[in-house]
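K.L.:
Handing over entry_12.cif, mmCIF, C-alpha atoms.
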data_coords
loop_
_atom_site.label_atom_id
_atom_site.label_comp_id
_atom_site.auth_asym_id
_atom_site.auth_seq_id
_atom_site.Cartn_x
_atom_site.Cartn_y
_atom_site.Cartn_z
CA MET A 102 -17.35 6.56 9.43
CA ALA A 103 -18.01 2.87 9.42
CA LEU A 104 -14.61 1.28 9.56
CA ARG A 105 -14.74 -2.46 9.25
CA SER A 106 -11.87 -3.79 11.28
CA PHE A 107 -11.05 -7.04 13.00
CA THR A 108 -9.49 -5.10 15.83
CA SER A 109 -11.54 -1.97 16.31
CA PRO A 110 -15.17 -1.89 15.15
CA ALA A 111 -15.53 1.77 16.14
CA THR A 112 -17.87 3.91 14.06
CA PHE A 113 -17.68 7.57 13.28
CA ALA A 114 -20.19 9.95 11.72
CA LYS A 115 -18.87 11.59 8.60
CA THR A 116 -20.47 13.54 5.80
CA HIS A 117 -18.69 13.36 2.49
CA LYS A 118 -18.88 15.40 -0.66
CA GLN A 119 -21.01 13.46 -3.10
CA ILE A 120 -20.89 13.41 -6.88
CA GLN A 121 -22.87 16.28 -8.39
CA PRO A 122 -25.72 15.74 -10.83
CA ASN A 123 -23.72 17.52 -13.54
CA LYS A 124 -20.80 15.15 -12.97
CA PRO A 125 -22.09 11.81 -14.25
CA LEU A 126 -19.94 8.84 -13.36
CA PRO A 127 -18.65 7.31 -16.59
CA LEU A 128 -18.40 3.57 -17.08
CA PHE A 129 -15.25 2.02 -18.48
CA SER A 130 -14.14 -1.31 -19.83
CA ILE A 131 -10.65 -2.49 -20.54
CA SER A 132 -9.09 -5.38 -22.38
CA PHE A 133 -5.80 -6.73 -21.14
CA SER A 134 -4.99 -8.53 -24.35
CA SER A 135 -2.12 -6.09 -24.83
CA ALA A 136 -0.79 -6.45 -21.28
CA LYS A 137 2.96 -6.67 -20.99
CA CYS A 138 4.76 -9.91 -20.33
CA HIS A 139 4.57 -11.14 -16.75
CA ALA A 140 1.23 -9.45 -16.02
CA TYR A 141 -2.17 -11.10 -15.61
CA ALA A 142 -5.57 -9.49 -15.87
CA ILE A 143 -7.62 -9.60 -12.68
CA LYS A 144 -10.95 -11.29 -13.15
CA ASN A 145 -13.84 -11.09 -10.75
CA PRO A 146 -16.59 -13.59 -11.58
CA THR A 147 -18.62 -12.48 -8.55
CA ALA A 148 -19.14 -8.97 -9.98
CA SER A 149 -18.53 -7.37 -6.60
CA LEU A 150 -19.14 -3.83 -7.83
CA LYS A 151 -22.70 -4.72 -8.73
CA ALA A 152 -23.13 -6.53 -5.44
CA LYS A 153 -22.27 -3.39 -3.43
CA PRO A 154 -23.83 -0.44 -5.28
CA ASN A 155 -24.54 1.44 -2.06
CA PHE A 156 -21.30 0.78 -0.22
CA GLN A 157 -19.37 3.98 0.53
CA LEU A 158 -15.65 3.74 1.16
CA GLU A 159 -15.10 6.59 3.62
CA ASP A 160 -11.48 6.42 4.79
CA VAL A 161 -8.45 4.20 4.23
CA ILE A 162 -6.81 3.64 7.60
CA GLU A 163 -5.74 0.01 8.00
CA SER A 164 -5.62 -3.25 6.06
CA GLN A 165 -8.10 -4.95 8.38
CA GLN A 166 -10.93 -2.72 7.18
CA PHE A 167 -11.09 -4.56 3.85
CA ASP A 168 -12.58 -7.88 2.85
CA ARG A 169 -12.10 -9.90 -0.34
CA ASP A 170 -15.19 -8.54 -2.07
CA LEU A 171 -14.08 -4.98 -1.44
CA LEU A 172 -10.56 -5.78 -2.65
CA ASN A 173 -11.95 -7.25 -5.86
CA GLY A 174 -14.01 -4.12 -6.38
CA ILE A 175 -11.04 -1.83 -5.84
CA PHE A 176 -8.92 -3.90 -8.22
CA GLU A 177 -11.60 -3.65 -10.92
CA VAL A 178 -11.62 0.11 -10.59
CA ALA A 179 -7.80 0.11 -10.71
CA GLN A 180 -8.02 -1.60 -14.10
CA GLU A 181 -10.33 1.17 -15.27
CA MET A 182 -7.84 3.72 -14.00
CA GLU A 183 -5.07 2.10 -16.02
CA ALA A 184 -7.14 2.62 -19.16
CA ILE A 185 -7.68 6.28 -18.26
CA GLU A 186 -3.99 6.86 -17.57
CA LYS A 187 -3.10 5.46 -20.99
CA ASP A 188 -5.71 7.56 -22.81
CA VAL A 189 -5.53 11.20 -21.78
CA SER A 190 -8.50 12.00 -24.03
CA SER A 191 -10.75 9.71 -21.99
CA PRO A 192 -13.69 11.53 -20.34
CA GLY A 193 -12.67 9.84 -17.11
CA SER A 194 -9.53 11.96 -17.01
CA ASN A 195 -11.68 14.84 -15.73
CA MET A 196 -13.88 12.96 -13.28
CA LEU A 197 -12.31 14.74 -10.27
CA LYS A 198 -12.29 18.19 -11.79
CA GLY A 199 -13.14 20.72 -9.06
CA TYR A 200 -11.83 18.53 -6.23
CA LEU A 201 -8.77 19.39 -4.11
CA MET A 202 -6.52 16.86 -2.37
CA ALA A 203 -4.24 17.92 0.49
CA THR A 204 -1.11 15.84 1.10
CA LEU A 205 0.31 16.19 4.62
CA PHE A 206 3.62 14.35 4.88
CA TYR A 207 5.43 14.51 8.23
CA GLU A 208 7.99 11.95 7.01
CA PRO A 209 9.99 11.79 3.76
CA SER A 210 8.36 10.21 0.72
CA THR A 211 8.93 9.98 -3.01
CA ARG A 212 6.73 7.27 -4.52
CA THR A 213 3.75 7.57 -2.19
CA ARG A 214 3.44 11.34 -2.29
CA LEU A 215 4.15 11.72 -6.01
CA SER A 216 1.89 8.81 -6.99
CA PHE A 217 -1.01 10.28 -5.00
CA GLU A 218 -0.43 13.70 -6.54
CA SER A 219 -0.12 12.19 -10.01
CA ALA A 220 -3.27 10.14 -9.42
CA MET A 221 -5.27 13.23 -8.49
CA LYS A 222 -4.04 15.26 -11.45
CA ARG A 223 -4.59 12.43 -13.92
CA LEU A 224 -8.25 12.44 -12.87
CA GLY A 225 -8.57 16.19 -13.31
CA GLY A 226 -8.22 17.21 -9.67
CA GLU A 227 -5.84 19.64 -7.99
CA VAL A 228 -3.31 19.23 -5.18
CA LEU A 229 -2.35 21.21 -2.09
CA THR A 230 0.87 19.84 -0.69
CA THR A 231 3.32 20.26 2.16
CA GLU A 232 6.52 18.26 2.24
CA ASN A 233 8.29 17.63 5.54
CA ALA A 234 5.34 18.99 7.50
CA ARG A 235 7.09 18.03 10.73
CA GLU A 236 9.50 20.94 10.23
CA PHE A 237 7.82 23.25 7.74
CA SER A 238 4.26 23.45 9.02
CA SER A 239 2.64 24.74 12.20
CA ALA A 240 3.49 21.39 13.79
CA ALA A 241 6.94 22.90 14.35
CA LYS A 242 5.20 25.54 16.49
CA GLY A 243 3.43 22.91 18.56
CA GLU A 244 0.10 22.67 16.75
CA THR A 245 -1.70 19.38 17.40
CA LEU A 246 -2.49 16.97 14.60
CA GLU A 247 -6.20 17.39 15.31
CA ASP A 248 -6.02 21.17 14.88
CA THR A 249 -4.05 20.80 11.67
CA ILE A 250 -6.65 18.39 10.27
CA ARG A 251 -9.55 20.68 11.22
CA THR A 252 -7.82 23.54 9.42
CA VAL A 253 -6.75 21.66 6.29
CA GLU A 254 -10.17 20.07 5.75
CA GLY A 255 -11.49 23.60 5.25
CA TYR A 256 -9.25 23.93 2.20
CA SER A 257 -9.65 20.51 0.60
CA ASP A 258 -11.95 17.59 -0.19
CA ILE A 259 -9.65 14.74 0.86
CA ILE A 260 -6.50 14.43 3.00
CA VAL A 261 -3.58 12.06 2.43
CA LEU A 262 -1.54 11.81 5.62
CA ARG A 263 1.88 10.36 6.38
CA HIS A 264 2.91 10.69 10.01
CA PHE A 265 5.72 9.50 12.24
CA GLU A 266 3.38 8.23 14.99
CA SER A 267 1.54 4.92 14.82
CA GLY A 268 -2.21 5.56 15.05
CA ALA A 269 -2.02 9.13 13.72
CA ALA A 270 -4.19 8.33 10.70
CA ARG A 271 -6.94 6.95 12.91
CA ARG A 272 -6.86 10.14 14.99
CA ALA A 273 -7.05 12.23 11.84
CA ALA A 274 -9.99 10.24 10.48
CA ALA A 275 -11.85 10.57 13.77
CA THR A 276 -11.38 14.35 13.56
CA ALA A 277 -12.04 15.04 9.89
CA LYS A 278 -15.37 15.35 8.13
CA ILE A 279 -13.74 14.58 4.79
CA PRO A 280 -12.00 11.35 3.72
CA VAL A 281 -8.57 10.58 5.15
CA ILE A 282 -6.07 8.19 3.59
CA ASN A 283 -3.27 6.71 5.68
CA ALA A 284 -0.08 7.03 3.64
CA GLY A 285 1.98 5.46 6.43
CA ASP A 286 1.92 6.07 10.17
CA GLY A 287 5.31 5.43 11.72
CA PRO A 288 5.90 1.71 12.27
CA GLY A 289 2.13 1.13 12.21
CA GLN A 290 0.54 0.51 8.81
CA HIS A 291 0.67 1.52 5.15
CA PRO A 292 -2.62 0.18 3.74
CA THR A 293 -2.40 1.68 0.24
CA GLN A 294 1.00 0.04 -0.17
CA ALA A 295 -0.55 -3.28 0.87
CA LEU A 296 -3.35 -2.80 -1.67
CA LEU A 297 -0.91 -2.18 -4.49
CA ASP A 298 1.24 -5.10 -3.29
CA VAL A 299 -1.66 -7.55 -3.41
CA TYR A 300 -2.76 -6.11 -6.76
CA THR A 301 0.79 -6.60 -8.06
CA ILE A 302 0.97 -10.19 -6.83
CA LYS A 303 -2.28 -10.94 -8.63
CA ARG A 304 -1.04 -9.29 -11.81
CA GLU A 305 2.37 -10.97 -11.70
CA ILE A 306 1.56 -14.48 -10.45
CA GLY A 307 -2.01 -14.76 -11.73
CA ARG A 308 -3.57 -15.79 -8.42
CA LEU A 309 -3.68 -14.98 -4.72
CA ASP A 310 -4.96 -18.24 -3.25
CA GLY A 311 -2.20 -20.59 -2.15
CA ILE A 312 0.62 -18.04 -2.46
CA LYS A 313 3.93 -18.69 -0.72
CA LEU A 314 5.32 -15.35 0.39
CA GLY A 315 8.76 -14.62 1.80
CA LEU A 316 8.97 -11.40 3.83
CA VAL A 317 12.59 -10.35 4.16
CA GLY A 318 14.48 -7.59 5.97
CA ASP A 319 13.21 -5.17 8.61
CA LEU A 320 10.03 -6.88 9.73
CA ALA A 321 9.85 -5.20 13.12
CA ASN A 322 9.71 -1.63 11.83
CA GLY A 323 8.37 -2.17 8.33
CA ARG A 324 4.77 -0.92 8.12
CA THR A 325 4.56 -2.28 4.58
CA VAL A 326 5.08 -5.90 5.60
CA ARG A 327 2.68 -5.54 8.52
CA SER A 328 -0.09 -4.23 6.28
CA LEU A 329 0.63 -6.84 3.63
CA ALA A 330 0.46 -9.63 6.20
CA TYR A 331 -2.97 -8.43 7.35
CA LEU A 332 -4.26 -8.22 3.79
CA ILE A 333 -2.86 -11.44 2.33
CA ALA A 334 -4.25 -13.35 5.33
CA MET A 335 -7.72 -12.96 3.79
CA TYR A 336 -6.86 -15.53 1.12
CA PRO A 337 -6.83 -19.31 1.62
CA ALA A 338 -3.83 -21.63 1.82
CA ILE A 339 -1.29 -18.83 2.29
CA LYS A 340 2.17 -19.67 3.62
CA ILE A 341 4.42 -16.86 4.89
CA TYR A 342 8.13 -17.13 5.64
CA PHE A 343 9.79 -14.50 7.83
CA VAL A 344 13.48 -13.93 7.08
CA SER A 345 15.14 -11.19 9.13
CA PRO A 346 18.02 -10.39 11.47
CA ASP A 347 17.21 -11.14 15.11
CA VAL A 348 16.97 -7.49 16.07
CA VAL A 349 14.16 -6.78 13.56
CA LYS A 350 12.06 -9.93 13.66
CA MET A 351 8.33 -9.77 12.94
CA LYS A 352 6.42 -8.72 16.04
CA ASP A 353 4.19 -11.11 17.93
CA ASP A 354 0.96 -9.23 17.19
CA ILE A 355 1.25 -10.09 13.48
CA LYS A 356 2.22 -13.68 14.21
CA ASP A 357 -0.75 -14.06 16.57
CA TYR A 358 -3.09 -12.52 14.00
CA LEU A 359 -1.90 -14.89 11.30
CA THR A 360 -2.28 -17.88 13.60
CA LYS A 361 -5.83 -16.89 14.54
CA SER A 362 -6.60 -16.36 10.85
CA GLY A 363 -5.41 -19.87 10.00
CA VAL A 364 -2.36 -18.68 8.06
CA GLU A 365 0.69 -20.91 8.23
CA TRP A 366 3.91 -19.02 8.95
CA GLU A 367 7.50 -19.93 9.65
CA GLU A 368 10.67 -18.09 10.64
CA SER A 369 13.87 -18.93 8.78
CA SER A 370 17.45 -17.72 8.60
CA ASP A 371 18.10 -19.28 5.19
CA LEU A 372 17.13 -16.84 2.43
CA LEU A 373 18.19 -19.16 -0.38
CA GLU A 374 16.00 -21.98 0.88
CA VAL A 375 13.02 -19.69 1.32
CA ALA A 376 13.51 -18.08 -2.10
CA SER A 377 13.51 -21.50 -3.76
CA MET A 378 10.04 -22.25 -2.35
CA CYS A 379 8.28 -18.89 -2.68
CA ASP A 380 6.12 -17.33 -5.35
CA VAL A 381 7.04 -13.88 -4.05
CA VAL A 382 10.22 -12.71 -2.34
CA TYR A 383 9.29 -9.39 -0.72
CA GLN A 384 12.49 -7.63 0.28
CA THR A 385 12.62 -4.53 2.53
CA ARG A 386 15.41 -2.23 3.64
CA ILE A 387 16.69 -2.05 7.21
CA GLN A 388 15.24 1.26 8.41
CA LYS A 389 18.04 3.26 9.98
CA GLU A 390 15.63 6.01 11.06
CA ARG A 391 13.84 3.60 13.43
CA PHE A 392 16.97 2.74 15.44
CA GLY A 393 17.49 6.14 17.05
CA GLU A 394 20.91 6.29 18.67
CA ARG A 395 21.46 2.51 18.49
CA ILE A 396 23.48 2.66 15.29
CA ASP A 397 25.33 -0.46 16.44
CA LEU A 398 22.10 -2.47 16.12
CA TYR A 399 21.45 -1.01 12.69
CA GLU A 400 24.90 -1.93 11.45
CA ALA A 401 24.48 -5.44 12.84
CA ALA A 402 21.25 -5.91 10.90
CA ARG A 403 22.16 -4.20 7.66
CA GLY A 404 23.43 -6.32 4.79
CA LYS A 405 22.63 -9.69 6.30
CA TYR A 406 20.04 -10.68 3.70
CA ILE A 407 20.65 -9.48 0.14
CA VAL A 408 18.76 -10.46 -3.00
CA ASP A 409 21.34 -10.98 -5.73
CA LYS A 410 22.02 -13.34 -8.62
CA LYS A 411 22.50 -16.25 -6.22
CA VAL A 412 18.95 -15.77 -5.01
CA LEU A 413 17.64 -15.47 -8.58
CA GLU A 414 19.34 -18.76 -9.46
CA VAL A 415 17.28 -20.69 -6.91
CA MET A 416 13.98 -18.89 -7.51
CA GLN A 417 11.27 -20.50 -9.59
CA LYS A 418 10.74 -19.13 -13.10
CA HIS A 419 7.28 -17.77 -12.31
CA ALA A 420 8.32 -16.18 -9.02
CA VAL A 421 8.95 -12.45 -8.56
CA VAL A 422 11.01 -10.14 -6.40
CA MET A 423 9.10 -7.22 -4.87
CA HIS A 424 10.22 -4.25 -2.77
CA PRO A 425 8.24 -1.23 -1.51
CA LEU A 426 11.28 0.98 -2.23
CA PRO A 427 13.45 2.87 -1.65
CA ARG A 428 16.22 0.30 -1.67
CA LEU A 429 19.77 0.68 -0.52
CA ASP A 430 21.94 -2.39 -1.08
CA GLU A 431 19.45 -5.13 -0.12
CA ILE A 432 18.72 -5.82 -3.82
CA THR A 433 21.75 -5.58 -6.08
CA VAL A 434 21.35 -3.62 -9.32
CA GLU A 435 22.21 -6.73 -11.34
CA VAL A 436 18.77 -8.07 -10.40
CA ASP A 437 16.98 -5.19 -12.15
CA ASP A 438 17.24 -6.66 -15.65
CA ASP A 439 15.75 -10.00 -14.67
CA PRO A 440 12.07 -10.26 -15.73
CA ARG A 441 11.27 -11.50 -12.24
CA ALA A 442 12.27 -8.13 -10.78
CA ALA A 443 8.81 -6.67 -10.28
CA TYR A 444 9.50 -3.71 -7.97
CA PHE A 445 9.31 -0.95 -10.57
CA ARG A 446 6.12 -2.44 -12.05
CA GLN A 447 4.91 -2.63 -8.46
CA ALA A 448 5.57 1.10 -8.01
CA LYS A 449 3.64 1.90 -11.20
CA ASN A 450 0.69 -0.14 -9.96
CA GLY A 451 0.57 2.23 -7.01
CA LEU A 452 -0.64 4.95 -9.38
CA TYR A 453 -3.64 2.88 -10.51
CA ILE A 454 -4.58 1.80 -6.99
CA ARG A 455 -4.41 5.37 -5.70
CA MET A 456 -6.41 6.68 -8.65
CA ALA A 457 -9.04 4.07 -7.80
CA LEU A 458 -9.11 5.03 -4.13
CA LEU A 459 -9.49 8.74 -4.88
CA LYS A 460 -12.34 8.01 -7.26
CA LEU A 461 -14.12 5.74 -4.79
CA LEU A 462 -13.65 8.03 -1.80
CA LEU A 463 -14.85 11.16 -3.59
CA LEU A 464 -17.41 9.82 -6.06
CA GLY A 465 -18.36 6.36 -4.81
CA TRP A 466 -18.77 3.29 -6.96
#
Take the structure from the file and write it as structure tokens.
P.N.:
Amino acid sequence: MALRSFTSPATFAKTHKQIQPNKPLPLFSISFSSAKCHAYAIKNPTASLKAKPNFQLEDVIESQQFDRDLLNGIFEVAQEMEAIEKDVSSPGSNMLKGYLMATLFYEPSTRTRLSFESAMKRLGGEVLTTENAREFSSAAKGETLEDTIRTVEGYSDIIVLRHFESGAARRAAATAKIPVINAGDGPGQHPTQALLDVYTIKREIGRLDGIKLGLVGDLANGRTVRSLAYLIAMYPAIKIYFVSPDVVKMKDDIKDYLTKSGVEWEESSDLLEVASMCDVVYQTRIQKERFGERIDLYEAARGKYIVDKKVLEVMQKHAVVMHPLPRLDEITVEVDDDPRAAYFRQAKNGLYIRMALLKLLLLGW
């Protein structure tokens, strides 16, 4: 596996199942003239797919493995997947027929697990799944992650892994001979969420260069905001505002990375001021499960920064509110009806991004 990373240029040997001669890769085109309000088509004048005909995406482990050309290519394929999802009679809806995806989730999930399973089925593939693998798999008997991966790869063509330990996905990818997708590894990273987040920003705002992004909530434990920070740093003239309670401030490794990447960032305690300046307000919940027995710290952090009508009143008309979900009370339900509330559109975009990744990992470009 050749994993392009700013932090770990390690390489691994991996043999993947290739597309069969009797499974020709169809070509698709899509017009976004009928796109819903508040959505922009993604255009790629550099034709990155043609520029990288031999590039093989082998695993999805961390945001740092991507570059802008690769992101553009993935986003183009995601547009194709949207067309397939809307037309069940499309020949592309069977492109993964005969392939099996195993989902191994050691932590709870709704959107990520179901969107991956939906993505596989909408492309004609099948799913082997285990929910709450931490308790209801051989892990409860003491089996190592590596042994589980070696076993499961014998039953499937691709593994989607969510784990409670940071770095677990990298261990799994180093072990497996089939593609591995990181669906979240503890407080580490959630790269497919970051991909769909950047895709959503592009669709909603119409650009990525020069974005002002407010990251709000649990920034210390939130793998989504960490992965998004890594990914959005690839674009020029980005400004990031960190708004969080003291106990869950963004960690120094992300701040140092942004500084080295030339990304301007600032910490603030004034959500209204930040919301008035940003193109995107990215809210996150305070993650109770990361506090262990320190419930006092959780209660001190919870509810300090809430997106409500007061925040909407100061936001710019083109700006949007995003959230990786699930939410508790950090976005009030009265925000849902505002056209700038993008979080459910954001969740739907996860289907298209994950369809694209499954296609690219199993069939190539």
K.L.:
For A:Ala330, which residue among A:Asp188, A:Glu227, A:Asp160, A:Asp354 is the nearest when counting only C-alpha atoms?
P.N.:
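The shortest atom-to-atom distance to A:Ala330 comes from A:Asp354.
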K.L.:
Go through A:Leu201, A:Ala274, A:Leu314, A:Leu297 and flag the residue nearest A:Lys449, using only C-alpha atoms for the distances.
P.N.:
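With only C-alpha atoms as the atom set, the closest residue is A:Leu297.
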K.L.:
Might you spell out which residues the PyMOL selection byres ((chain A and resi 299) around 8) would select in the displayed file, as a PDB file with C-alpha atoms, in the coordinates of the input?
P.N.:
ATOM      1  CA  ALA A 295      -0.550  -3.280   0.870  1.00  0.00           C
ATOM      2  CA  LEU A 296      -3.350  -2.800  -1.670  1.00  0.00           C
ATOM      3  CA  LEU A 297      -0.910  -2.180  -4.490  1.00  0.00           C
ATOM      4  CA  ASP A 298       1.240  -5.100  -3.290  1.00  0.00           C
ATOM      5  CA  TYR A 300      -2.760  -6.110  -6.760  1.00  0.00           C
ATOM      6  CA  THR A 301       0.790  -6.600  -8.060  1.00  0.00           C
ATOM      7  CA  ILE A 302       0.970 -10.190  -6.830  1.00  0.00           C
ATOM      8  CA  LYS A 303      -2.280 -10.940  -8.630  1.00  0.00           C
ATOM      9  CA  LEU A 309      -3.680 -14.980  -4.720  1.00  0.00           C
ATOM     10  CA  LEU A 329       0.630  -6.840   3.630  1.00  0.00           C
ATOM     11  CA  LEU A 332      -4.260  -8.220   3.790  1.00  0.00           C
ATOM     12  CA  ILE A 333      -2.860 -11.440   2.330  1.00  0.00           C
TER      13      ILE A 333
END
K.L.:
Got a sec: who's within 9 Å of A:Glu431, counting only C-alpha atoms, leaving out chain neighbours fewer than 3 positions off, as a PyMOL selection string?
P.N.:
chain A and resi 318+384-387+403-409+428
K.L.:
Hey, what's within 10 Å of stretch 264-268 of chain A if we count only C-alpha atoms and toss same-chain stuff fewer than 3 positions away? As a short mmCIF file (atom, residue, chain, number, x, y, z; two decimals) with C-alpha atoms, in the coordinates of the input, please?
P.N.:
data_model
loop_
_atom_site.label_atom_id
_atom_site.label_comp_id
_atom_site.auth_asym_id
_atom_site.auth_seq_id
_atom_site.Cartn_x
_atom_site.Cartn_y
_atom_site.Cartn_z
CA ILE A 162 -6.81 3.64 7.60
CA GLU A 163 -5.74 0.01 8.00
CA LEU A 205 0.31 16.19 4.62
CA PHE A 206 3.62 14.35 4.88
CA TYR A 207 5.43 14.51 8.23
CA GLU A 208 7.99 11.95 7.01
CA PRO A 209 9.99 11.79 3.76
CA ASN A 233 8.29 17.63 5.54
CA ALA A 234 5.34 18.99 7.50
CA ARG A 235 7.09 18.03 10.73
CA LEU A 246 -2.49 16.97 14.60
CA ARG A 271 -6.94 6.95 12.91
CA ARG A 272 -6.86 10.14 14.99
CA ALA A 273 -7.05 12.23 11.84
CA ASN A 283 -3.27 6.71 5.68
CA ALA A 284 -0.08 7.03 3.64
CA GLY A 285 1.98 5.46 6.43
CA ASP A 286 1.92 6.07 10.17
CA GLY A 287 5.31 5.43 11.72
CA PRO A 288 5.90 1.71 12.27
CA GLY A 289 2.13 1.13 12.21
CA GLN A 290 0.54 0.51 8.81
CA ARG A 324 4.77 -0.92 8.12
#
